[in-house]
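For reference, protein20.pdb is printed below; it contains PDB, C-alpha atoms and all ligand atoms.
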```
ATOM      1  CA  MET A 132       0.000   0.000   0.000
ATOM      2  CA  LYS A 133       1.299   3.429  -0.971
ATOM      3  CA  VAL A 134       0.587   6.260   1.494
ATOM      4  CA  LEU A 135       0.980   9.896   0.524
ATOM      5  CA  ILE A 136       2.009  12.079   3.479
ATOM      6  CA  VAL A 137       1.686  15.863   3.224
ATOM      7  CA  GLY A 138       2.132  18.936   5.401
ATOM      8  CA  ASP A 139      -0.014  22.057   5.883
ATOM      9  CA  ALA A 140      -2.775  22.464   3.276
ATOM     10  CA  HIS A 141      -4.246  25.774   4.560
ATOM     11  CA  GLY A 142      -7.602  25.373   2.847
ATOM     12  CA  GLU A 143      -9.170  24.245  -0.394
ATOM     13  CA  PRO A 144      -6.324  24.705  -2.931
ATOM     14  CA  GLY A 145      -3.962  22.710  -0.736
ATOM     15  CA  MET A 146      -6.542  19.999  -0.108
ATOM     16  CA  TYR A 147      -7.285  19.692  -3.826
ATOM     17  CA  ALA A 148      -3.537  19.663  -4.570
ATOM     18  CA  ALA A 149      -3.057  16.773  -2.137
ATOM     19  CA  ALA A 150      -6.001  14.833  -3.585
ATOM     20  CA  ARG A 151      -4.775  15.382  -7.159
ATOM     21  CA  LEU A 152      -1.256  14.335  -6.186
ATOM     22  CA  ALA A 153      -2.654  11.185  -4.575
ATOM     23  CA  ARG A 154      -4.353  10.243  -7.843
ATOM     24  CA  ASP A 155      -1.302  11.174  -9.941
ATOM     25  CA  ILE A 156       1.087   8.967  -7.963
ATOM     26  CA  GLY A 157      -1.430   6.173  -7.388
ATOM     27  CA  ALA A 158      -1.580   6.527  -3.605
ATOM     28  CA  ASP A 159      -3.998   4.284  -1.704
ATOM     29  CA  ALA A 160      -4.354   6.712   1.216
ATOM     30  CA  VAL A 161      -3.416  10.255   2.204
ATOM     31  CA  VAL A 162      -2.110  11.417   5.582
ATOM     32  CA  GLN A 163      -2.187  15.164   6.244
ATOM     33  CA  CYS A 164      -0.253  16.526   9.231
ATOM     34  CA  GLY A 165      -2.494  19.388  10.403
ATOM     35  CA  ASP A 166      -3.629  22.874   9.387
ATOM     36  CA  ALA A 167      -5.762  21.318   6.678
ATOM     37  CA  TRP A 168      -8.611  23.769   7.392
ATOM     38  CA  SER A 169     -11.018  22.491   4.689
ATOM     39  CA  VAL A 170     -11.803  19.105   6.244
ATOM     40  CA  ASP A 171     -15.492  19.441   5.322
ATOM     41  CA  LEU A 172     -15.129  19.428   1.526
ATOM     42  CA  PRO A 173     -18.120  17.340   0.370
ATOM     43  CA  ASN A 174     -16.686  15.973  -2.872
ATOM     44  CA  LEU A 175     -12.923  15.717  -2.542
ATOM     45  CA  ASP A 176     -11.916  13.143  -5.182
ATOM     46  CA  THR A 177      -9.418  11.256  -3.078
ATOM     47  CA  PRO A 178      -8.473   7.923  -1.582
ATOM     48  CA  PRO A 179      -9.114   7.805   2.198
ATOM     49  CA  PHE A 180      -7.769  11.128   3.484
ATOM     50  CA  HIS A 181      -6.558  11.013   7.104
ATOM     51  CA  VAL A 182      -6.159  14.320   8.926
ATOM     52  CA  VAL A 183      -4.390  15.311  12.125
ATOM     53  CA  ARG A 184      -5.529  18.561  13.705
ATOM     54  CA  GLY A 185      -3.220  21.555  13.520
ATOM     55  CA  ASN A 186      -3.366  24.728  15.576
ATOM     56  CA  HIS A 187      -5.620  26.415  13.019
ATOM     57  CA  GLU A 188      -8.674  24.394  11.996
ATOM     58  CA  LYS A 189     -12.432  24.490  11.557
ATOM     59  CA  TRP A 190     -12.968  23.562  15.196
ATOM     60  CA  ARG A 191     -16.702  23.041  14.902
ATOM     61  CA  VAL A 192     -16.202  20.397  12.208
ATOM     62  CA  TRP A 193     -13.713  18.639  14.476
ATOM     63  CA  ALA A 194     -16.017  18.881  17.508
ATOM     64  CA  GLU A 195     -18.999  17.504  15.631
ATOM     65  CA  GLY A 196     -17.027  14.998  13.554
ATOM     66  CA  LYS A 197     -18.736  16.160  10.377
ATOM     67  CA  PHE A 198     -15.848  15.625   8.006
ATOM     68  CA  GLY A 199     -16.278  15.575   4.236
ATOM     69  CA  LYS A 200     -16.674  12.363   2.259
ATOM     70  CA  GLY A 201     -13.478  10.327   2.361
ATOM     71  CA  ILE A 202     -11.925  12.514   5.091
ATOM     72  CA  VAL A 203     -11.138  10.913   8.453
ATOM     73  CA  GLY A 204     -10.186  13.044  11.473
ATOM     74  CA  HIS A 205      -7.983  11.503  14.160
ATOM     75  CA  ALA A 206      -8.003  12.632  17.792
ATOM     76  CA  ASP A 207      -4.828  13.089  19.840
ATOM     77  CA  TYR A 208      -3.314   9.951  21.383
ATOM     78  CA  THR A 209      -5.351   7.683  19.120
ATOM     79  CA  THR A 210      -3.994   5.215  16.597
ATOM     80  CA  PHE A 211      -5.115   3.855  13.264
ATOM     81  CA  LYS A 212      -3.828   1.266  10.832
ATOM     82  CA  LEU A 213      -3.119   1.441   7.135
ATOM     83  CA  ASP A 214      -2.366  -2.052   5.890
ATOM     84  CA  LYS A 215      -0.355  -3.529   8.764
ATOM     85  CA  VAL A 216       1.260  -0.254   9.794
ATOM     86  CA  LYS A 217       0.082   1.442  12.995
ATOM     87  CA  PHE A 218       0.024   5.240  13.083
ATOM     88  CA  GLY A 219      -0.137   7.325  16.295
ATOM     89  CA  VAL A 220      -1.417  10.905  16.449
ATOM     90  CA  ILE A 221      -0.642  14.029  18.477
ATOM     91  CA  GLY A 222      -2.247  17.030  16.770
ATOM     92  CA  GLY A 223      -2.153  20.668  17.807
ATOM     93  CA  ILE A 224       0.913  22.434  19.152
ATOM     94  CA  ASP A 225       2.792  22.519  22.433
ATOM     95  CA  ASP A 226       2.034  25.255  24.951
ATOM     96  CA  THR A 227       5.458  26.905  24.994
ATOM     97  CA  PRO A 228       6.570  30.390  26.102
ATOM     98  CA  LYS A 229       7.594  31.096  22.495
ATOM     99  CA  VAL A 230       4.068  30.444  21.210
ATOM    100  CA  ARG A 231       2.552  32.493  24.044
ATOM    101  CA  ASP A 232       4.858  35.383  23.054
ATOM    102  CA  LEU A 233       3.701  35.180  19.434
ATOM    103  CA  MET A 234       0.063  35.244  20.560
ATOM    104  CA  ASP A 235       0.751  38.249  22.800
ATOM    105  CA  MET A 236       2.239  39.983  19.764
ATOM    106  CA  GLY A 237      -1.091  39.468  18.018
ATOM    107  CA  LEU A 238      -0.143  36.617  15.704
ATOM    108  CA  ASP A 239      -3.264  34.605  15.030
ATOM    109  CA  LEU A 240      -2.467  30.999  15.773
ATOM    110  CA  GLY A 241      -5.928  29.560  15.522
ATOM    111  CA  GLN A 242      -8.446  31.977  17.049
ATOM    112  CA  GLU A 243      -9.895  29.743  19.734
ATOM    113  CA  HIS A 244      -6.816  29.291  21.833
ATOM    114  CA  ASP A 245      -8.113  26.463  24.013
ATOM    115  CA  GLU A 246      -8.186  24.246  20.954
ATOM    116  CA  ILE A 247      -4.645  24.717  19.733
ATOM    117  CA  TRP A 248      -2.712  22.897  22.466
ATOM    118  CA  PHE A 249      -2.124  19.197  22.880
ATOM    119  CA  ALA A 250      -2.246  17.592  26.312
ATOM    120  CA  ARG A 251       1.024  16.386  27.831
ATOM    121  CA  LEU A 252       0.682  12.872  29.212
ATOM    122  CA  GLU A 253       3.038  10.997  31.505
ATOM    123  CA  GLY A 254       5.535   8.553  30.045
ATOM    124  CA  GLN A 255       3.621   5.374  30.799
ATOM    125  CA  GLN A 256       0.397   6.827  29.405
ATOM    126  CA  VAL A 257       2.230   7.711  26.211
ATOM    127  CA  ARG A 258       3.758   4.228  25.995
ATOM    128  CA  ASP A 259       0.329   2.654  26.498
ATOM    129  CA  ALA A 260      -1.362   4.918  23.951
ATOM    130  CA  PHE A 261       1.280   4.289  21.303
ATOM    131  CA  ALA A 262       2.180   0.622  21.857
ATOM    132  CA  GLY A 263       3.128  -0.889  18.514
ATOM    133  CA  VAL A 264       3.155   2.442  16.662
ATOM    134  CA  SER A 265       5.612   2.529  13.732
ATOM    135  CA  VAL A 266       4.717   5.990  12.461
ATOM    136  CA  LEU A 267       4.042   8.973  14.714
ATOM    137  CA  LEU A 268       2.128  11.900  13.235
ATOM    138  CA  THR A 269       2.251  15.351  14.806
ATOM    139  CA  HIS A 270       1.567  18.884  13.664
ATOM    140  CA  ASP A 271       4.194  20.659  15.752
ATOM    141  CA  ALA A 272       7.926  19.967  15.456
ATOM    142  CA  PRO A 273      10.013  18.264  18.104
ATOM    143  CA  PHE A 274      12.799  20.312  19.683
ATOM    144  CA  PRO A 275      15.357  21.295  18.433
ATOM    145  CA  PHE A 276      14.012  22.717  15.201
ATOM    146  CA  VAL A 277      16.191  25.381  13.595
ATOM    147  CA  LEU A 278      14.549  28.327  11.853
ATOM    148  CA  GLY A 279      16.776  30.766  10.024
ATOM    149  CA  HIS A 280      19.417  30.920   7.356
ATOM    150  CA  ARG A 281      23.024  31.699   6.642
ATOM    151  CA  PRO A 282      23.546  34.456   4.082
ATOM    152  CA  LEU A 283      26.049  34.021   1.250
ATOM    153  CA  PRO A 284      29.661  34.770   2.203
ATOM    154  CA  PRO A 285      30.325  38.516   1.944
ATOM    155  CA  MET A 286      33.396  38.163  -0.333
ATOM    156  CA  ALA A 287      34.028  35.897  -3.313
ATOM    157  CA  ASP A 288      37.144  34.414  -1.687
ATOM    158  CA  TYR A 289      35.590  34.171   1.774
ATOM    159  CA  LYS A 290      36.363  30.714   3.172
ATOM    160  CA  GLY A 291      33.987  30.511   6.116
ATOM    161  CA  ALA A 292      30.234  30.406   6.340
ATOM    162  CA  GLY A 293      28.476  33.717   6.645
ATOM    163  CA  GLU A 294      27.225  35.185   9.869
ATOM    164  CA  VAL A 295      24.248  33.338  11.292
ATOM    165  CA  VAL A 296      21.312  35.701  11.039
ATOM    166  CA  ARG A 297      17.917  35.373  12.684
ATOM    167  CA  THR A 298      18.451  31.819  13.732
ATOM    168  CA  GLU A 299      15.941  30.552  16.229
ATOM    169  CA  VAL A 300      15.716  27.144  17.781
ATOM    170  CA  VAL A 301      12.097  26.217  18.352
ATOM    171  CA  GLY A 302      10.013  23.059  18.749
ATOM    172  CA  SER A 303       8.535  20.957  21.510
ATOM    173  CA  ASP A 304      10.677  19.312  24.202
ATOM    174  CA  TYR A 305       7.703  17.112  24.971
ATOM    175  CA  LEU A 306       7.424  15.774  21.404
ATOM    176  CA  ASN A 307      11.154  15.090  21.425
ATOM    177  CA  GLU A 308      10.655  13.019  24.574
ATOM    178  CA  VAL A 309       7.642  11.227  23.115
ATOM    179  CA  ILE A 310       9.657  10.222  20.057
ATOM    180  CA  ARG A 311      12.585   9.012  22.188
ATOM    181  CA  THR A 312      10.160   7.086  24.417
ATOM    182  CA  VAL A 313       8.014   5.467  21.738
ATOM    183  CA  GLU A 314      10.855   5.050  19.206
ATOM    184  CA  PRO A 315       8.640   4.849  16.113
ATOM    185  CA  GLN A 316      10.462   4.076  12.879
ATOM    186  CA  TYR A 317       9.208   7.349  11.393
ATOM    187  CA  HIS A 318       7.814  10.667  12.524
ATOM    188  CA  PHE A 319       6.033  13.174  10.287
ATOM    189  CA  GLY A 320       4.964  16.726  11.168
ATOM    190  CA  GLY A 321       4.200  20.097   9.564
ATOM    191  CA  HIS A 322       3.562  23.554  11.015
ATOM    192  CA  MET A 323       7.032  25.037  10.431
ATOM    193  CA  HIS A 324       6.610  25.531   6.657
ATOM    194  CA  LEU A 325      10.189  24.344   6.318
ATOM    195  CA  LEU A 326      11.567  20.941   5.352
ATOM    196  CA  CYS A 327      13.747  19.192   7.910
ATOM    197  CA  ILE A 328      14.776  15.537   7.680
ATOM    198  CA  ARG A 329      16.763  14.219  10.621
ATOM    199  CA  TYR A 330      17.148  11.457  13.164
ATOM    200  CA  ILE A 331      15.773  11.849  16.678
ATOM    201  CA  GLY A 332      17.180   8.907  18.586
ATOM    202  CA  LYS A 333      16.332   5.875  16.432
ATOM    203  CA  THR A 334      13.495   7.657  14.641
ATOM    204  CA  ARG A 335      13.777   9.179  11.186
ATOM    205  CA  SER A 336      11.854  12.445  11.428
ATOM    206  CA  TYR A 337      10.354  14.413   8.521
ATOM    207  CA  GLN A 338       9.073  17.910   9.206
ATOM    208  CA  LEU A 339       7.268  18.449   5.924
ATOM    209  CA  PRO A 340       6.937  21.698   3.964
ATOM    210  CA  PRO A 341       3.387  22.772   3.012
ATOM    211  CA  ILE A 342       1.353  21.230   0.216
ATOM    212  CA  ASP A 343      -0.411  24.635   0.138
ATOM    213  CA  THR A 344       0.067  25.880  -3.438
ATOM    214  CA  ILE A 345       0.942  29.420  -2.319
ATOM    215  CA  PHE A 346       4.324  28.250  -1.050
ATOM    216  CA  GLN A 347       7.334  28.006  -3.349
ATOM    217  CA  ARG A 348       9.106  25.343  -1.333
ATOM    218  CA  ARG A 349       6.732  22.403  -1.354
ATOM    219  CA  GLY A 350       7.069  18.669  -1.180
ATOM    220  CA  TYR A 351       5.627  15.396   0.022
ATOM    221  CA  ALA A 352       6.605  11.989   1.308
ATOM    222  CA  THR A 353       5.416   8.517   0.411
ATOM    223  CA  LEU A 354       5.452   5.430   2.599
ATOM    224  CA  ASP A 355       5.354   1.929   1.146
ATOM    225  CA  THR A 356       3.704  -0.167   3.859
ATOM    226  CA  GLU A 357       5.180  -3.406   2.465
ATOM    227  CA  THR A 358       8.830  -2.351   2.515
ATOM    228  CA  MET A 359       8.495   0.506   5.071
ATOM    229  CA  ARG A 360      10.536   2.640   2.707
ATOM    230  CA  VAL A 361       9.909   6.394   2.814
ATOM    231  CA  GLN A 362      10.703   8.714  -0.046
ATOM    232  CA  TYR A 363      10.672  12.504   0.147
ATOM    233  CA  VAL A 364      10.018  14.418  -3.096
ATOM    234  CA  ASP A 365      10.307  18.180  -3.719
ATOM    235  CA  LEU A 366       7.581  19.832  -5.754
TER     236      LEU A 366
HETATM  237 MN    MN B   1       0.421  25.258  12.252
END
```

Represent the supplied structure as structure tokens.
Amino acid sequence: MKVLIVGDAHGEPGMYAAARLARDIGADAVVQCGDAWSVDLPNLDTPPFHVVRGNHEKWRVWAEGKFGKGIVGHADYTTFKLDKVKFGVIGGIDDTPKVRDLMDMGLDLGQEHDEIWFARLEGQQVRDAFAGVSVLLTHDAPFPFVLGHRPLPPMADYKGAGEVVRTEVVGSDYLNEVIRTVEPQYHFGGHMHLLCIRYIGKTRSYQLPPIDTIFQRRGYATLDTETMRVQYVDL
């Protein structure tokens, strides 16, 4: 079974892009890692489309469970199976000082603030919830996630890297601990709008760029449930 895994969709164009991509590559299922928004589309032409909640969603649709045809919403700390592969879910974002600062500055992170956080469970509860999980899905990124860039060297013959400008290390300590506790083979998330592929302990972690068509840097991953091979592809 071929599973298409995508990041933030941010509404209808992104949702349609994901559905079209699923058909183009012959995917049997879609997994979307939060900030989908348009989870109530009535006629999305798609294989089963599994969504994790982000920090910005149509909360009433989630509360009432009235998802569009073919769209399946998954609550935090639940699991589901595609073929023989068990997926675990922690949607939303972590309640960190950094996020509180952004909200104080007036950045809209999802309007109804009670809905945007995930609950932090104790280690044994997490182990119980995610027993046998091979793929962990989150919206937020585990710590340490590096935002920022290095500019080009100032001179043509400059040997070193440029000055590090505007680098910020963000992400959730808690999700880092969950990954190191559960040790899934793979982790996928979104939210940061920036690709990052790395190992966290034994887990290969993919923070996916958006599938939202407005973004220039886009991409997706596929998982083959027979071989457990993951491939990341830039769009
Ligand atoms: Mn987000």

So that each row is one residue of chain A with an atom at most 8 Å from ligand MN 1 (chain B), can you give its shortest atom pair and the distance in Å to one decimal, using all atoms listed in the file, rows by chain and rising number, as a tab-separated table?
```
residue	atom	partner	partner_atom	distance
A:Asp139	CA	B:MN1	MN	7.1
A:Gly165	CA	B:MN1	MN	6.8
A:Asp166	CA	B:MN1	MN	5.5
A:Gly185	CA	B:MN1	MN	5.3
A:Asn186	CA	B:MN1	MN	5.1
A:His187	CA	B:MN1	MN	6.2
A:Gly223	CA	B:MN1	MN	7.7
A:Ile224	CA	B:MN1	MN	7.5
A:Leu240	CA	B:MN1	MN	7.3
A:His270	CA	B:MN1	MN	6.6
A:Asp271	CA	B:MN1	MN	6.9
A:Gly321	CA	B:MN1	MN	6.9
A:His322	CA	B:MN1	MN	3.8
A:Met323	CA	B:MN1	MN	6.9
```

Can I get the residues of segment 174-230 of chain A within 8 Å of segment 353-364 of chain A, each with the closest pair of atoms and their distance in Å to one decimal, using only C-alpha atoms, sorted chain first then ascending number, as a Markdown table?
```
| residue | atom | partner | partner_atom | distance |
| --- | --- | --- | --- | --- |
| A:Leu213 | CA | A:Thr356 | CA | 7.7 |
| A:Asp214 | CA | A:Thr356 | CA | 6.7 |
| A:Lys215 | CA | A:Thr356 | CA | 7.2 |
| A:Val216 | CA | A:Thr356 | CA | 6.4 |
```

Practice task
Kindly resolve the PyMOL selection byres (((chain A and resi 329-333) around 8) and not hetatm) on the present coordinates and return the residues as a PyMOL selection string.
Solution key: chain A and resi 307+310-311+314-316+327-328+334-337

Produce the centre coordinates and the three edge lengths, each in Å to one decimal, of the box along x, y and z that contains all listed atoms of segment 154-159 of chain A with 3 Å added on each side, as AutoDock Vina command-line options.
```
--center_x -1.6 --center_y 7.7 --center_z -5.8 --size_x 11.4 --size_y 12.9 --size_z 14.2
```

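Atom pair atom CA of Lys133 of chain A / atom CA of Ala153 of chain A: separated by 9.4 Å.
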
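Each of A:Asp235, A:Gly142, A:Ala149, A:Glu195 was checked against Ser169 of chain A using all atoms listed in the file; the smallest atom-to-atom distance is that of A:Gly142.
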
Exercise for the section: Can you work out the spacing between atom CA of Phe249 of chain A and atom CA of Asp207 of chain A in Å, to one decimal? Expected result: 7.3 Å

Name the residues in contact with His181 of chain A at a cut-off of 7 Å, using only C-alpha atoms, excluding same-chain residues fewer than 2 positions from it; report them as a compact mmCIF listing (two decimals) with C-alpha atoms, keeping the file's coordinate frame.
```txt
# COMPACT_ATOMS: atom_id res chain seq x y z
CA VAL A 161 -3.42 10.26 2.20
CA VAL A 162 -2.11 11.42 5.58
CA GLN A 163 -2.19 15.16 6.24
CA PRO A 179 -9.11 7.80 2.20
CA VAL A 183 -4.39 15.31 12.12
CA ILE A 202 -11.92 12.51 5.09
CA VAL A 203 -11.14 10.91 8.45
CA GLY A 204 -10.19 13.04 11.47
```

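What the PyMOL selection byres (((chain A and resi 147) around 10) and not hetatm) picks from this file is Ala140, Gly142, Glu143, Pro144, Gly145, Met146, Ala148, Ala149, Ala150, Arg151, Leu152, Ala153, Ser169, Leu172, Leu175, Asp176, Thr177, Ile342, Asp343 and Thr344 of chain A.
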
Exercise for the section: Record the distance separating atom CA of Val264 of chain A and atom CA of Thr210 of chain A, expressed in Å with one decimal. Expected result: 7.7 Å

Exercise for the section: Please write as a PyMOL selection string the full residue list that the PyMOL selection byres (((chain A and resi 258) around 12) and not hetatm) yields on this file. Expected result: chain A and resi 208-209+219+252-257+259-264+308-315

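Those residues that approach Arg349 of chain A to within 7 Å, counting only C-alpha atoms, are A:Pro340, A:Pro341, A:Ile342, A:Phe346, A:Gln347, A:Asp365, A:Leu366; same-chain residues fewer than 2 positions away are not listed.
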
Exercise for the section: Write out as a ChimeraX atom specification each polymer residue whose atoms come within 12 Å of Lys229 of chain A, counting all atoms listed in the file; drop sequence neighbours fewer than 2 positions from it. Expected result: /A:224-227,231-236,238,299-303

What would the file look like if the residues just selected were written as a PDB file, in the frame of the given file with C-alpha atoms?
```pdb
ATOM      1  CA  ILE A 224       0.913  22.434  19.152  1.00  0.00           C
ATOM      2  CA  ASP A 225       2.792  22.519  22.433  1.00  0.00           C
ATOM      3  CA  ASP A 226       2.034  25.255  24.951  1.00  0.00           C
ATOM      4  CA  THR A 227       5.458  26.905  24.994  1.00  0.00           C
ATOM      5  CA  ARG A 231       2.552  32.493  24.044  1.00  0.00           C
ATOM      6  CA  ASP A 232       4.858  35.383  23.054  1.00  0.00           C
ATOM      7  CA  LEU A 233       3.701  35.180  19.434  1.00  0.00           C
ATOM      8  CA  MET A 234       0.063  35.244  20.560  1.00  0.00           C
ATOM      9  CA  ASP A 235       0.751  38.249  22.800  1.00  0.00           C
ATOM     10  CA  MET A 236       2.239  39.983  19.764  1.00  0.00           C
ATOM     11  CA  LEU A 238      -0.143  36.617  15.704  1.00  0.00           C
ATOM     12  CA  GLU A 299      15.941  30.552  16.229  1.00  0.00           C
ATOM     13  CA  VAL A 300      15.716  27.144  17.781  1.00  0.00           C
ATOM     14  CA  VAL A 301      12.097  26.217  18.352  1.00  0.00           C
ATOM     15  CA  GLY A 302      10.013  23.059  18.749  1.00  0.00           C
ATOM     16  CA  SER A 303       8.535  20.957  21.510  1.00  0.00           C
TER      17      SER A 303
END
```

Exercise for the section: Give the answer as one residue: which of A:Val192, A:Val220, A:Leu326, A:Val277 has the shortest atom-to-atom distance to Gln338 of chain A, using all atoms listed in the file? Expected result: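 Of all the options, A:Leu326 lies closest to Gln338 of chain A.
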
Can you fill out segment 266-277 of chain A with N, CA and C atoms and hand it back as a CSV table (one decimal), in the frame of the given file?
```
chain,number,residue,atom,x,y,z
A,266,VAL,N,4.7,4.7,13.1
A,266,VAL,CA,4.7,6.0,12.5
A,266,VAL,C,4.0,7.0,13.4
A,267,LEU,N,4.7,8.0,13.9
A,267,LEU,CA,4.0,9.0,14.7
A,267,LEU,C,3.8,10.2,13.9
A,268,LEU,N,2.5,10.7,14.0
A,268,LEU,CA,2.1,11.9,13.2
A,268,LEU,C,1.9,13.0,14.2
A,269,THR,N,2.5,14.2,14.0
A,269,THR,CA,2.3,15.4,14.8
A,269,THR,C,2.0,16.5,13.9
A,270,HIS,N,1.6,17.6,14.4
A,270,HIS,CA,1.6,18.9,13.7
A,270,HIS,C,2.8,19.7,14.0
A,271,ASP,N,3.0,19.9,15.3
A,271,ASP,CA,4.2,20.7,15.8
A,271,ASP,C,5.5,19.9,15.5
A,272,ALA,N,6.6,20.6,15.6
A,272,ALA,CA,7.9,20.0,15.5
A,272,ALA,C,8.5,19.6,16.8
A,273,PRO,N,9.2,18.5,16.9
A,273,PRO,CA,10.0,18.3,18.1
A,273,PRO,C,11.2,19.2,18.2
A,274,PHE,N,11.6,19.6,19.4
A,274,PHE,CA,12.8,20.3,19.7
A,274,PHE,C,14.0,19.4,19.3
A,275,PRO,N,15.1,19.9,18.9
A,275,PRO,CA,15.4,21.3,18.4
A,275,PRO,C,15.1,21.5,16.9
A,276,PHE,N,14.3,22.4,16.6
A,276,PHE,CA,14.0,22.7,15.2
A,276,PHE,C,14.6,24.1,14.9
A,277,VAL,N,15.5,24.1,13.9
A,277,VAL,CA,16.2,25.4,13.6
A,277,VAL,C,15.5,26.2,12.5
```
